[in-house]
Structure formats: C-alpha cells, structure tokens
Amino acid sequence: MKKYIIPVLALIATGCTKDFETYNRNPYGATEAEIARAPQGGNELVNLQRMVVPLQENAYQMCFDLAATPFSGYAAQPKFQDDYPIYKPRVGWTNYVFDDTYSKQLYPPYFILKRQANGDMSKYSFAWATVLRVAITHWLTDCYGPLPYSQMEAGKKQVPYDRQSDLYKNMCEDLKAAVNTLKTVDVTDKLYADYDLVYKGDMRKWVKYANSLLLRLSIRMSDVNEAEAKEYAQFALQNGVITENADNAQIETKDNPAYKMAVDWGDSRAGADIVDYMNAFSDPRREEYFTKVATRNANEQFFGMRSGINSVRADIANYSLPKLTKNKPVVWITASEVAFIKAEMALKGWTFIGDTAENLYKKGIELSFAQHNVLLNNLDNYLNSTATRGDHNDVKQPAYNATFSSPITVKWENSATDEQKLAKIITQKWIAMYPYNSHEAWAEWRRTGYPNLLPPTNNSGGTVSNLTRDRNGKDRGGFRRLPFSTEEILQNGANRNAAIGFLGGADTGGTDLWWVRR
C-alpha cells in the first residue's frame with residue numbers, strides 16, 4: 001500500500017518582500033492546497049471494501065460459507081453437516097455474523113471516516129464509505145431482520161434497533177445521498193486510486209455500483225412496499241446502473257477465501273442443487289463453475305453434495321469442487337444480476353424499465369455467459385432448452401438419493417403465467433450469482449420461493465418448519481433467519497428485546513423477514 005508522506009514546508013524569514021511565498025517555498029514540498037487534499041481514511045476504506053464479501057478466511061467462512069451457502073443451495077460443508085445444514089447452527093456461530101462484523105469490522109473504520117468528514121455527505125470519502133456501509137449492512141439485515149443502524153454512534157453500546165422496513169428506507173436514502181455526491185467527483189480525481197480495490201479511483205463506476213445496489217434493495221422490498229421500491233428503482237436507473245461486464249464490481253485477491261474453504265481446507269463442496277439444475281439444463285457454464293469427479297464407470301461428471309448428509313469425510317473426493325484459483329477475483333454484483341432484477345421489474349409491469357421481461361431475461365443469461373467466457377454460439381441452444389430437473393441420484397452414496405422434480409425450464413414462453421416466468425428469472429439469476437453471492441441467493445429464495453431446492457436430509461431445527469412446496473410451486477418453510485446475538489443481551493438487552501417485537505414472530509430460524517409477502 002502506498003504511504004503518503006507530507007513534508008513540512010521549511011519557511012525561513014529573510015526579510016520583507018512581496019515575493020516571500022514564491023522565494024521561500026520548498027520546491028519538493030506540498031502546497032497548503034495539496035496538504036488539504038491528502039487522502040484521509042484510505043486504510044479505513046480498504047478495510048470496508050474487504051468486508052463487502054469478507055476476504056479474511058475466518059470471516060468468510062463464518063459469515064458466508066457456513067451461514068448462507070447451505071440455505072442457498074450453492075454448497076455443502078462435509079465437516080459441519082450437523083450444524084447449519086440441518087437447521088441447528090451453534091449459538092456462537094449465529095452470534096459471530098453480527099458480533100464480529102458490527103463491533104470489529106464495520107463500525108470502527110466507518111466511524112473514523114465519519115469523524116474525519118464531520119458527518120458531511122458532501123465529502124466524497126464519506127459518501128463512498130456510506131455506500132460500503134450499506135453494502136455490508138444489507139446482507140446482515142437479511143440474516144437477522146431489525147438491526148441498529150440509524151442511531152449508531154461511536155462508542156455507544158445501548159443502541160435501538162431499526163425495524164427492517166425503516167432500515168431498508170434508511171439504506172436506500174443513504175445510497176441516494178451518496179450517489180448525489182459521487183456523481184459530482186471530477187473524472188480526473190484519482191486521489192483515492194491507491195485505496196480503491198475495485199475501480200481504481202473511478203467514482204463514476206462507484207456511482208453505477210451504488211445504483212445497482214439500490215436496485216437490488218428495491219426489488220427485495222417490492223412485494224411489501226411497491227410504491228417506495230419503484231421510487232428508488234427509478235432513481236437508480238436514471239443515475240445509471242451496471243449494464244456491461246466491464247463495470248462488474250469485483251475485488252482482486254491473491255488469497256481467495258472461497259478457494260481456501262474448498263480446496264485448502266476441504267470444508268466446502270459444490271451443492272447438489274446448483275449442480276443438478278445445471279446438469280439438467282446442460283449448462284455450458286459448468287466447465288467454469290465446477291470440477292469433475294469420477295463415477296462408478298470411471299466416467300467424469302459434475303456432481304454436487306447434498307446438504308445435511310452424514311459420514312462423508314472420507315468420501316469428499318466424490319463431489320465437485322467450485323472451480324476456483326487462489327487469485328480469482330471475488331465478485332460483488334454484475335451486469336447479469338442487474339439485468340435479471342430489471343426483468344422482474346418489467347414482469348411486475350413497471351413501465352419505466354424500458355424493455356420487456358423476456359429481453360432482459362435473455363440479456364441476463366447472455367451477460368453471464370460472456371462473464372464466464374462461455375462461447376455465445378451455445379446461447380441459442382441453451383435459451384431453447386425445455387429440460388427439467390429430476391431426482392437427485394448419488395452414484396457413490398445411494399443412501400442420499402432423493403425423489404425430486406421441478407417444472408422450471410430455461411426457455412421463455414409468452415404463454416406461461418407470470419409465476420412461471422418469475423421462477424425462470426430467479427433461477428437464472430441464482431445460477432449467475434454463484435458462488436460469492438450466497439446471501440443474495442438465500443434472500444431471494446426466501447422472498448420468491450425460487451428456485452425449488454432439496455430439503456436437508458434431517459430437520460433438527462425444532463422451531464424451523466420443514467421445507468415444502470405450495471400449490472403455486474413456491475418453496476415454503478426451511479431456515480428463514482438467524483436468531484439475534486445472545487451477546488446483545490448483556491450489551492444492549494432492552495433494545496434487543498424490543499427488536500424481537502418487530503419480527504412479527506419468535507426470535508428463531510423459522511420466522512420470516514419483513515420483505516417476505518405473508
């Protein structure tokens with residue numbers, strides 16, 4: 001990391017002269033204007049970027065790979081199948097997602113940046129920090145529901161929780177204010193380039209990212225507060241979202257945490273759900289997503305591990321790994337995801353989207369193919385596929401077989417119902433977001449009921465209802481949220497108890513969040 005060292009100007013008085021400043025200025029020093037523009041908070045901005053999708057391996061495992069990937073259908077954990085995968089996570093693990101992120105990772109650097117800017121959103125370092133705050137908070141609130149947000153202050157531990165409906169509004173308003181600042185930054189201003197791990201100081205691209213994040217929040221709240229969701233979506237589209245893969249938000253790394261989980265540690269394998277869908281669709285992205293494993297006949301195939309299976313530690317070689325390298329970038333949000341969000345908005349009849357759901361759906365798939373360097377001459381065959389996913393057959397461990405069917409296909413059919421079209425949009429978005437956006441995948445599954453996922457082999461959650469499918473084809477039940485941190489009982493007990501009253505249900509894994517239409 002480049003260190004900025006600002007030399008002190010050595011001014012030696014030699015007599016009165018109108019050219020005093022010119023004669024006595026150190027030609028190798030910094031002017032007062034340059035000193036004023038020294039990049040404050042650079043290291044803090046780096047730390048916040050590293051937590052949008054955690055790059056530190058323990059934080060990634062505890063906050064993403066354990067807490068979201070089994071529920072999203074993206075992965076299974078061969079060493080930890082008796083915890084999250086069967087709806088019985090350890091209390092210390094569910095606490096960690098909040099305790100470590102809030103007290104150690106998010107707010108210490110954020111409050112430094114806020115203090116440096118005196119809380120002034122017109123300072124673009126603080127506007128940028130606010131975008132990152134929202135980017136981290138949105139997956140946290142989609143774990144727990146209500147959280148402390150609008151009344152957070154440095155050093156304050158007794159903080160009221162925002163209702164999730166208010167929290168979403170506050171995050172959206174913060175993004176709007178940040179966008180209004182960032183879009184005024186001069187294109188030549190690269191003051192923070194050395195601290196920008198994503199866009200190298202290009203605030204125009206951060207504007208697109210912030211608006212794309214706002215679009216993501218808008219679709220999440222669209223089923224329960226459509227009026228405000230439409231307002232925020234219009235703002236985002238008017239100010240510019242990510243539409244090309246060149247603007248995808250991703251962070252370079254030499255120590256990819258998902259690689260470490262799966263390859264170095266052997267703690268994660270590709271999930272049965274996503275592999276089974278992509279096998280059924282003969283999806284050409286499989287070559288970029290998964291490794292192959294040998295079957296009984298010595299043929300190689302892509303094969304995923306079912307969530308919640310037992311006694312597989314010696315057999316993990318039977319299951320595909322995510323196809324990653326140590327230096328593969330970690331992806332936050334892409335043009336493909338944005339296209340799918342717009343497709344659902346168009347399906348809802350939001351006329352300001354400016355395109356049809358069908359066109360945007362196909363564009364989302366095309367962008368995902370291009371992102372993963374899959375030849376586009378495969379696209380037409382894929383878009384016309386009417387194959388469906390069937391039973392899960394474990395060729396090495398038949399005890400883990402499961403009877404399963406889903407009517408979801410790839411081919412867009414104008415005669416289909418809106419519900420059937422929604423199932424296609426969400427399923428393709430889910431495939432496109434693999435592997436890093438497990439929280440987004442889990443949240444969208446809870447909101448929409450798609451794609452249809454396998455139930456775990458065992459439900460030990462007690463208060464968590466079994467995963468079922470309703471008459472409209474949506475998944476219902478399953479693990480819906482993390483219980484609030486028990487550490488907060490000591491630190492912030494009265495406010496935590498008040499937040500339980502905001503849930504509309506018990507503080508358990510079986511209670512839906514605000515944005516799920518009941």
# chains A, B, ... in the order shown; residues from 1 in each chain; ligands from 1
>>> residues_around(residues="Pro407 in chain A", least_positions_apart="2", cutoff="8 Å", atoms="only C-alpha atoms", output="NGL selection string")
:A and (388-389 or 405 or 409)
>>> residues_around(residues="Asp65 in chain A", least_positions_apart="3", cutoff="12 Å", atoms="only C-alpha atoms", output="ChimeraX atom specification")
/A:53-55,57-62,68-78,80,84-85,93,97,257-262,267-271,435-439,442
>>> select_by_dssp(residues="range 275-486 of chain A", states="strand (DSSP E)", output="PDB file with N, CA, C and O atoms, in the first residue's frame")
ATOM      1  N   VAL A 293     -15.768 -35.119 -11.198  1.00  0.00           N
ATOM      2  CA  VAL A 293     -15.366 -36.244 -10.345  1.00  0.00           C
ATOM      3  C   VAL A 293     -15.695 -37.539 -11.065  1.00  0.00           C
ATOM      4  O   VAL A 293     -16.567 -37.589 -11.934  1.00  0.00           O
ATOM      5  N   ALA A 294     -15.012 -38.614 -10.699  1.00  0.00           N
ATOM      6  CA  ALA A 294     -15.205 -39.909 -11.350  1.00  0.00           C
ATOM      7  C   ALA A 294     -16.445 -40.610 -10.816  1.00  0.00           C
ATOM      8  O   ALA A 294     -16.766 -40.527  -9.626  1.00  0.00           O
ATOM      9  N   GLU A 300     -16.181 -39.171 -15.948  1.00  0.00           N
ATOM     10  CA  GLU A 300     -16.159 -37.980 -15.108  1.00  0.00           C
ATOM     11  C   GLU A 300     -17.412 -37.161 -15.333  1.00  0.00           C
ATOM     12  O   GLU A 300     -17.925 -37.074 -16.457  1.00  0.00           O
ATOM     13  N   GLN A 301     -17.908 -36.578 -14.246  1.00  0.00           N
ATOM     14  CA  GLN A 301     -19.100 -35.752 -14.351  1.00  0.00           C
ATOM     15  C   GLN A 301     -19.076 -34.699 -13.256  1.00  0.00           C
ATOM     16  O   GLN A 301     -18.261 -34.744 -12.342  1.00  0.00           O
ATOM     17  N   VAL A 330     -13.059 -11.835  -6.319  1.00  0.00           N
ATOM     18  CA  VAL A 330     -14.301 -12.066  -5.578  1.00  0.00           C
ATOM     19  C   VAL A 330     -15.345 -11.067  -6.083  1.00  0.00           C
ATOM     20  O   VAL A 330     -15.125  -9.860  -6.042  1.00  0.00           O
ATOM     21  N   VAL A 331     -16.463 -11.588  -6.554  1.00  0.00           N
ATOM     22  CA  VAL A 331     -17.455 -10.770  -7.258  1.00  0.00           C
ATOM     23  C   VAL A 331     -18.533 -10.285  -6.289  1.00  0.00           C
ATOM     24  O   VAL A 331     -19.055 -11.059  -5.484  1.00  0.00           O
ATOM     25  N   TRP A 332     -18.893  -8.998  -6.396  1.00  0.00           N
ATOM     26  CA  TRP A 332     -19.960  -8.415  -5.570  1.00  0.00           C
ATOM     27  C   TRP A 332     -21.302  -8.374  -6.304  1.00  0.00           C
ATOM     28  O   TRP A 332     -22.308  -8.824  -5.803  1.00  0.00           O
ATOM     29  N   ILE A 333     -21.296  -7.766  -7.475  1.00  0.00           N
ATOM     30  CA  ILE A 333     -22.535  -7.615  -8.243  1.00  0.00           C
ATOM     31  C   ILE A 333     -22.149  -7.450  -9.711  1.00  0.00           C
ATOM     32  O   ILE A 333     -21.087  -6.907 -10.022  1.00  0.00           O
ATOM     33  N   THR A 468     -41.143 -27.219   2.205  1.00  0.00           N
ATOM     34  CA  THR A 468     -42.215 -27.785   1.386  1.00  0.00           C
ATOM     35  C   THR A 468     -42.439 -26.889   0.181  1.00  0.00           C
ATOM     36  O   THR A 468     -41.814 -25.834   0.041  1.00  0.00           O
ATOM     37  N   ARG A 469     -43.355 -27.292  -0.689  1.00  0.00           N
ATOM     38  CA  ARG A 469     -43.702 -26.504  -1.869  1.00  0.00           C
ATOM     39  C   ARG A 469     -45.202 -26.260  -1.872  1.00  0.00           C
ATOM     40  O   ARG A 469     -45.987 -27.184  -1.688  1.00  0.00           O
ATOM     41  N   ASP A 475     -41.256 -22.652  -2.979  1.00  0.00           N
ATOM     42  CA  ASP A 475     -40.760 -23.272  -1.758  1.00  0.00           C
ATOM     43  C   ASP A 475     -41.228 -22.481  -0.551  1.00  0.00           C
ATOM     44  O   ASP A 475     -41.222 -21.235  -0.567  1.00  0.00           O
ATOM     45  N   ARG A 476     -41.607 -23.182   0.488  1.00  0.00           N
ATOM     46  CA  ARG A 476     -42.002 -22.567   1.760  1.00  0.00           C
ATOM     47  C   ARG A 476     -41.266 -23.275   2.886  1.00  0.00           C
ATOM     48  O   ARG A 476     -40.850 -24.421   2.763  1.00  0.00           O
TER      49      ARG A 476
END
>>> residues_around(residues="Ile219 in chain A", least_positions_apart="2", cutoff="9 Å", atoms="only C-alpha atoms", output="PyMOL selection string")
chain A and resi 214-217+221-223+226+229-230+233+341-342+344-345
>>> write_last_selection(atoms="N, CA and C atoms", output="PDB file, in the first residue's frame")
ATOM      1  N   LEU A 214     -28.756  -0.190  -4.997  1.00  0.00           N
ATOM      2  CA  LEU A 214     -30.081   0.377  -4.723  1.00  0.00           C
ATOM      3  C   LEU A 214     -31.164  -0.389  -5.480  1.00  0.00           C
ATOM      4  N   LEU A 215     -30.873  -0.799  -6.701  1.00  0.00           N
ATOM      5  CA  LEU A 215     -31.829  -1.590  -7.474  1.00  0.00           C
ATOM      6  C   LEU A 215     -32.065  -2.941  -6.800  1.00  0.00           C
ATOM      7  N   ARG A 216     -31.007  -3.529  -6.274  1.00  0.00           N
ATOM      8  CA  ARG A 216     -31.123  -4.803  -5.563  1.00  0.00           C
ATOM      9  C   ARG A 216     -32.019  -4.653  -4.333  1.00  0.00           C
ATOM     10  N   LEU A 217     -31.826  -3.580  -3.568  1.00  0.00           N
ATOM     11  CA  LEU A 217     -32.672  -3.337  -2.397  1.00  0.00           C
ATOM     12  C   LEU A 217     -34.117  -3.076  -2.814  1.00  0.00           C
ATOM     13  N   MET A 221     -37.681  -5.225  -1.593  1.00  0.00           N
ATOM     14  CA  MET A 221     -38.816  -4.667  -0.862  1.00  0.00           C
ATOM     15  C   MET A 221     -40.061  -4.524  -1.727  1.00  0.00           C
ATOM     16  N   SER A 222     -39.977  -4.943  -2.969  1.00  0.00           N
ATOM     17  CA  SER A 222     -41.044  -4.644  -3.933  1.00  0.00           C
ATOM     18  C   SER A 222     -42.359  -5.352  -3.650  1.00  0.00           C
ATOM     19  N   ASP A 223     -42.322  -6.487  -2.956  1.00  0.00           N
ATOM     20  CA  ASP A 223     -43.552  -7.226  -2.687  1.00  0.00           C
ATOM     21  C   ASP A 223     -44.314  -6.696  -1.486  1.00  0.00           C
ATOM     22  N   GLU A 226     -44.333  -1.565  -2.660  1.00  0.00           N
ATOM     23  CA  GLU A 226     -44.069  -1.357  -4.079  1.00  0.00           C
ATOM     24  C   GLU A 226     -43.870   0.112  -4.420  1.00  0.00           C
ATOM     25  N   ALA A 229     -40.401   1.133  -3.480  1.00  0.00           N
ATOM     26  CA  ALA A 229     -39.477   0.342  -4.299  1.00  0.00           C
ATOM     27  C   ALA A 229     -39.378   0.936  -5.704  1.00  0.00           C
ATOM     28  N   LYS A 230     -40.485   1.319  -6.285  1.00  0.00           N
ATOM     29  CA  LYS A 230     -40.484   1.912  -7.622  1.00  0.00           C
ATOM     30  C   LYS A 230     -39.758   3.251  -7.620  1.00  0.00           C
ATOM     31  N   ALA A 233     -36.044   2.507  -7.463  1.00  0.00           N
ATOM     32  CA  ALA A 233     -35.601   1.902  -8.718  1.00  0.00           C
ATOM     33  C   ALA A 233     -35.480   2.954  -9.816  1.00  0.00           C
ATOM     34  N   ILE A 341     -32.730  -8.419 -12.345  1.00  0.00           N
ATOM     35  CA  ILE A 341     -33.554  -7.569 -11.476  1.00  0.00           C
ATOM     36  C   ILE A 341     -34.511  -6.740 -12.322  1.00  0.00           C
ATOM     37  N   LYS A 342     -33.990  -6.146 -13.383  1.00  0.00           N
ATOM     38  CA  LYS A 342     -34.838  -5.349 -14.279  1.00  0.00           C
ATOM     39  C   LYS A 342     -35.897  -6.218 -14.958  1.00  0.00           C
ATOM     40  N   GLU A 344     -37.420  -8.811 -13.660  1.00  0.00           N
ATOM     41  CA  GLU A 344     -38.525  -8.996 -12.721  1.00  0.00           C
ATOM     42  C   GLU A 344     -39.350  -7.724 -12.579  1.00  0.00           C
ATOM     43  N   MET A 345     -38.687  -6.583 -12.587  1.00  0.00           N
ATOM     44  CA  MET A 345     -39.419  -5.317 -12.501  1.00  0.00           C
ATOM     45  C   MET A 345     -40.320  -5.135 -13.711  1.00  0.00           C
TER      46      MET A 345
END
>>> closest_residue(among="A:Val395, A:Val198, A:Leu347, A:Ala357", to="Pro329 in chain A", atoms="only C-alpha atoms")
A:Val198
>>> residues_around(residues="Asn225 in chain A", least_positions_apart="4", cutoff="12 Å", atoms="only C-alpha atoms", output="list in words")
Ser165, Asp166, Tyr168, Lys169, Leu217, Ser218, Ile219, Arg220, Met221, Ala229, Lys230, Glu231, Tyr232, Trp514, Trp515, Val516 and Arg517 of chain A
>>> write_last_selection(atoms="N, CA, C and O atoms", output="short mmCIF file (atom, residue, chain, number, x, y, z; two decimals), in the first residue's frame")
data_model
loop_
_atom_site.label_atom_id
_atom_site.label_comp_id
_atom_site.auth_asym_id
_atom_site.auth_seq_id
_atom_site.Cartn_x
_atom_site.Cartn_y
_atom_site.Cartn_z
N SER A 165 -38.23 -2.53 7.94
CA SER A 165 -38.83 -1.65 6.94
C SER A 165 -38.17 -0.27 6.98
O SER A 165 -37.90 0.34 5.93
N ASP A 166 -37.90 0.23 8.20
CA ASP A 166 -37.23 1.53 8.34
C ASP A 166 -35.77 1.43 7.92
O ASP A 166 -35.22 2.35 7.31
N TYR A 168 -34.44 -0.53 5.67
CA TYR A 168 -34.36 -0.52 4.22
C TYR A 168 -34.51 0.89 3.67
O TYR A 168 -33.78 1.31 2.76
N LYS A 169 -35.46 1.63 4.21
CA LYS A 169 -35.64 3.01 3.75
C LYS A 169 -34.40 3.84 4.04
O LYS A 169 -33.95 4.61 3.18
N LEU A 217 -31.83 -3.58 -3.57
CA LEU A 217 -32.67 -3.34 -2.40
C LEU A 217 -34.12 -3.08 -2.81
O LEU A 217 -35.06 -3.48 -2.12
N SER A 218 -34.29 -2.41 -3.94
CA SER A 218 -35.64 -2.08 -4.42
C SER A 218 -36.43 -3.33 -4.73
O SER A 218 -37.61 -3.44 -4.37
N ILE A 219 -35.83 -4.28 -5.43
CA ILE A 219 -36.57 -5.50 -5.78
C ILE A 219 -36.86 -6.32 -4.54
O ILE A 219 -37.90 -6.97 -4.45
N ARG A 220 -35.97 -6.25 -3.54
CA ARG A 220 -36.22 -7.02 -2.32
C ARG A 220 -37.46 -6.53 -1.58
O ARG A 220 -38.20 -7.32 -1.00
N MET A 221 -37.68 -5.22 -1.59
CA MET A 221 -38.82 -4.67 -0.86
C MET A 221 -40.06 -4.52 -1.73
O MET A 221 -41.10 -4.08 -1.26
N ALA A 229 -40.40 1.13 -3.48
CA ALA A 229 -39.48 0.34 -4.30
C ALA A 229 -39.38 0.94 -5.70
O ALA A 229 -38.28 1.04 -6.27
N LYS A 230 -40.48 1.32 -6.28
CA LYS A 230 -40.48 1.91 -7.62
C LYS A 230 -39.76 3.25 -7.62
O LYS A 230 -39.00 3.57 -8.55
N GLU A 231 -39.96 4.02 -6.57
CA GLU A 231 -39.28 5.32 -6.47
C GLU A 231 -37.77 5.15 -6.46
O GLU A 231 -37.04 5.85 -7.19
N TYR A 232 -37.27 4.21 -5.65
CA TYR A 232 -35.83 4.01 -5.57
C TYR A 232 -35.28 3.38 -6.85
O TYR A 232 -34.18 3.72 -7.29
N TRP A 514 -39.25 -9.12 7.05
CA TRP A 514 -40.27 -8.15 6.63
C TRP A 514 -40.58 -8.22 5.16
O TRP A 514 -41.74 -8.09 4.74
N TRP A 515 -39.57 -8.45 4.32
CA TRP A 515 -39.78 -8.32 2.89
C TRP A 515 -40.40 -9.55 2.24
O TRP A 515 -40.61 -9.59 1.02
N VAL A 516 -40.72 -10.58 3.04
CA VAL A 516 -41.42 -11.76 2.52
C VAL A 516 -42.92 -11.52 2.62
O VAL A 516 -43.44 -11.27 3.71
N ARG A 517 -43.60 -11.56 1.49
CA ARG A 517 -45.05 -11.38 1.50
C ARG A 517 -45.70 -12.58 2.17
O ARG A 517 -45.54 -13.72 1.74
#
>>> closest_residue(among="A:Lys176, A:Arg447, A:Arg285, A:Lys421", to="Lys323 in chain A", atoms="only C-alpha atoms")
A:Arg285
>>> closest_residue(among="A:Ile353, A:Leu513, A:Leu490, A:Ile86", to="Arg446 in chain A", atoms="only C-alpha atoms")
A:Leu513
>>> residues_around(residues="Ala129 in chain A", least_positions_apart="4", cutoff="7 Å", atoms="only C-alpha atoms", output="count of residues only")
4
>>> residues_around(residues="Val185 in chain A", least_positions_apart="3", cutoff="12 Å", atoms="only C-alpha atoms", output="MDAnalysis selection string")
chainID A and resid 122:125 127:128 178:182 188:192 201:207
>>> atom_distance(atom1="CA of Asn118 in chain A", atom2="CA of Thr130 in chain A")
13.3 Å
>>> residues_around(residues="Glu287 in chain A", least_positions_apart="6", cutoff="10 Å", atoms="only C-alpha atoms", output="ChimeraX atom specification")
/A:302,323,372,374
>>> write_last_selection(atoms="all heavy atoms", output="PDB file, in the first residue's frame")
ATOM      1  N   PHE A 302     -19.982 -33.757 -13.370  1.00  0.00           N
ATOM      2  CA  PHE A 302     -20.157 -32.757 -12.327  1.00  0.00           C
ATOM      3  C   PHE A 302     -21.150 -33.331 -11.320  1.00  0.00           C
ATOM      4  O   PHE A 302     -22.243 -33.759 -11.695  1.00  0.00           O
ATOM      5  CB  PHE A 302     -20.691 -31.456 -12.918  1.00  0.00           C
ATOM      6  CG  PHE A 302     -19.854 -30.907 -14.037  1.00  0.00           C
ATOM      7  CD1 PHE A 302     -20.257 -31.049 -15.363  1.00  0.00           C
ATOM      8  CD2 PHE A 302     -18.664 -30.257 -13.772  1.00  0.00           C
ATOM      9  CE1 PHE A 302     -19.500 -30.553 -16.388  1.00  0.00           C
ATOM     10  CE2 PHE A 302     -17.884 -29.755 -14.806  1.00  0.00           C
ATOM     11  CZ  PHE A 302     -18.297 -29.900 -16.118  1.00  0.00           C
ATOM     12  N   LYS A 323     -14.809 -24.379  -9.032  1.00  0.00           N
ATOM     13  CA  LYS A 323     -13.604 -24.260  -9.849  1.00  0.00           C
ATOM     14  C   LYS A 323     -13.006 -22.869  -9.656  1.00  0.00           C
ATOM     15  O   LYS A 323     -13.332 -21.914 -10.356  1.00  0.00           O
ATOM     16  CB  LYS A 323     -13.927 -24.513 -11.322  1.00  0.00           C
ATOM     17  CG  LYS A 323     -12.711 -24.828 -12.176  1.00  0.00           C
ATOM     18  CD  LYS A 323     -13.126 -25.309 -13.545  1.00  0.00           C
ATOM     19  CE  LYS A 323     -11.953 -25.760 -14.378  1.00  0.00           C
ATOM     20  NZ  LYS A 323     -12.383 -26.249 -15.715  1.00  0.00           N
ATOM     21  N   HIS A 372     -18.279 -15.417 -17.985  1.00  0.00           N
ATOM     22  CA  HIS A 372     -17.527 -16.640 -17.703  1.00  0.00           C
ATOM     23  C   HIS A 372     -16.837 -17.202 -18.947  1.00  0.00           C
ATOM     24  O   HIS A 372     -16.406 -18.365 -18.956  1.00  0.00           O
ATOM     25  CB  HIS A 372     -18.456 -17.677 -17.086  1.00  0.00           C
ATOM     26  CG  HIS A 372     -18.968 -17.281 -15.735  1.00  0.00           C
ATOM     27  ND1 HIS A 372     -18.186 -17.295 -14.614  1.00  0.00           N
ATOM     28  CD2 HIS A 372     -20.181 -16.804 -15.339  1.00  0.00           C
ATOM     29  CE1 HIS A 372     -18.879 -16.884 -13.576  1.00  0.00           C
ATOM     30  NE2 HIS A 372     -20.087 -16.577 -13.977  1.00  0.00           N
ATOM     31  N   VAL A 374     -17.896 -18.139 -21.782  1.00  0.00           N
ATOM     32  CA  VAL A 374     -18.568 -19.249 -22.452  1.00  0.00           C
ATOM     33  C   VAL A 374     -18.960 -18.790 -23.849  1.00  0.00           C
ATOM     34  O   VAL A 374     -19.519 -17.698 -24.024  1.00  0.00           O
ATOM     35  CB  VAL A 374     -19.820 -19.693 -21.667  1.00  0.00           C
ATOM     36  CG1 VAL A 374     -20.607 -20.739 -22.437  1.00  0.00           C
ATOM     37  CG2 VAL A 374     -19.400 -20.229 -20.298  1.00  0.00           C
TER      38      VAL A 374
END
>>> atom_distance(atom1="CA of Gln250 in chain A", atom2="CA of Val52 in chain A")
10.1 Å
>>> closest_residue(among="A:Arg115, A:Ala370, A:Phe502, A:Pro456", to="Leu167 in chain A", atoms="only C-alpha atoms")
A:Phe502
>>> atom_distance(atom1="CA of Leu360 in chain A", atom2="CA of Thr417 in chain A")
17.1 Å
>>> closest_residue(among="A:Tyr199, A:Trp265, A:Phe369, A:Trp412", to="Asp283 in chain A", atoms="only C-alpha atoms")
A:Phe369
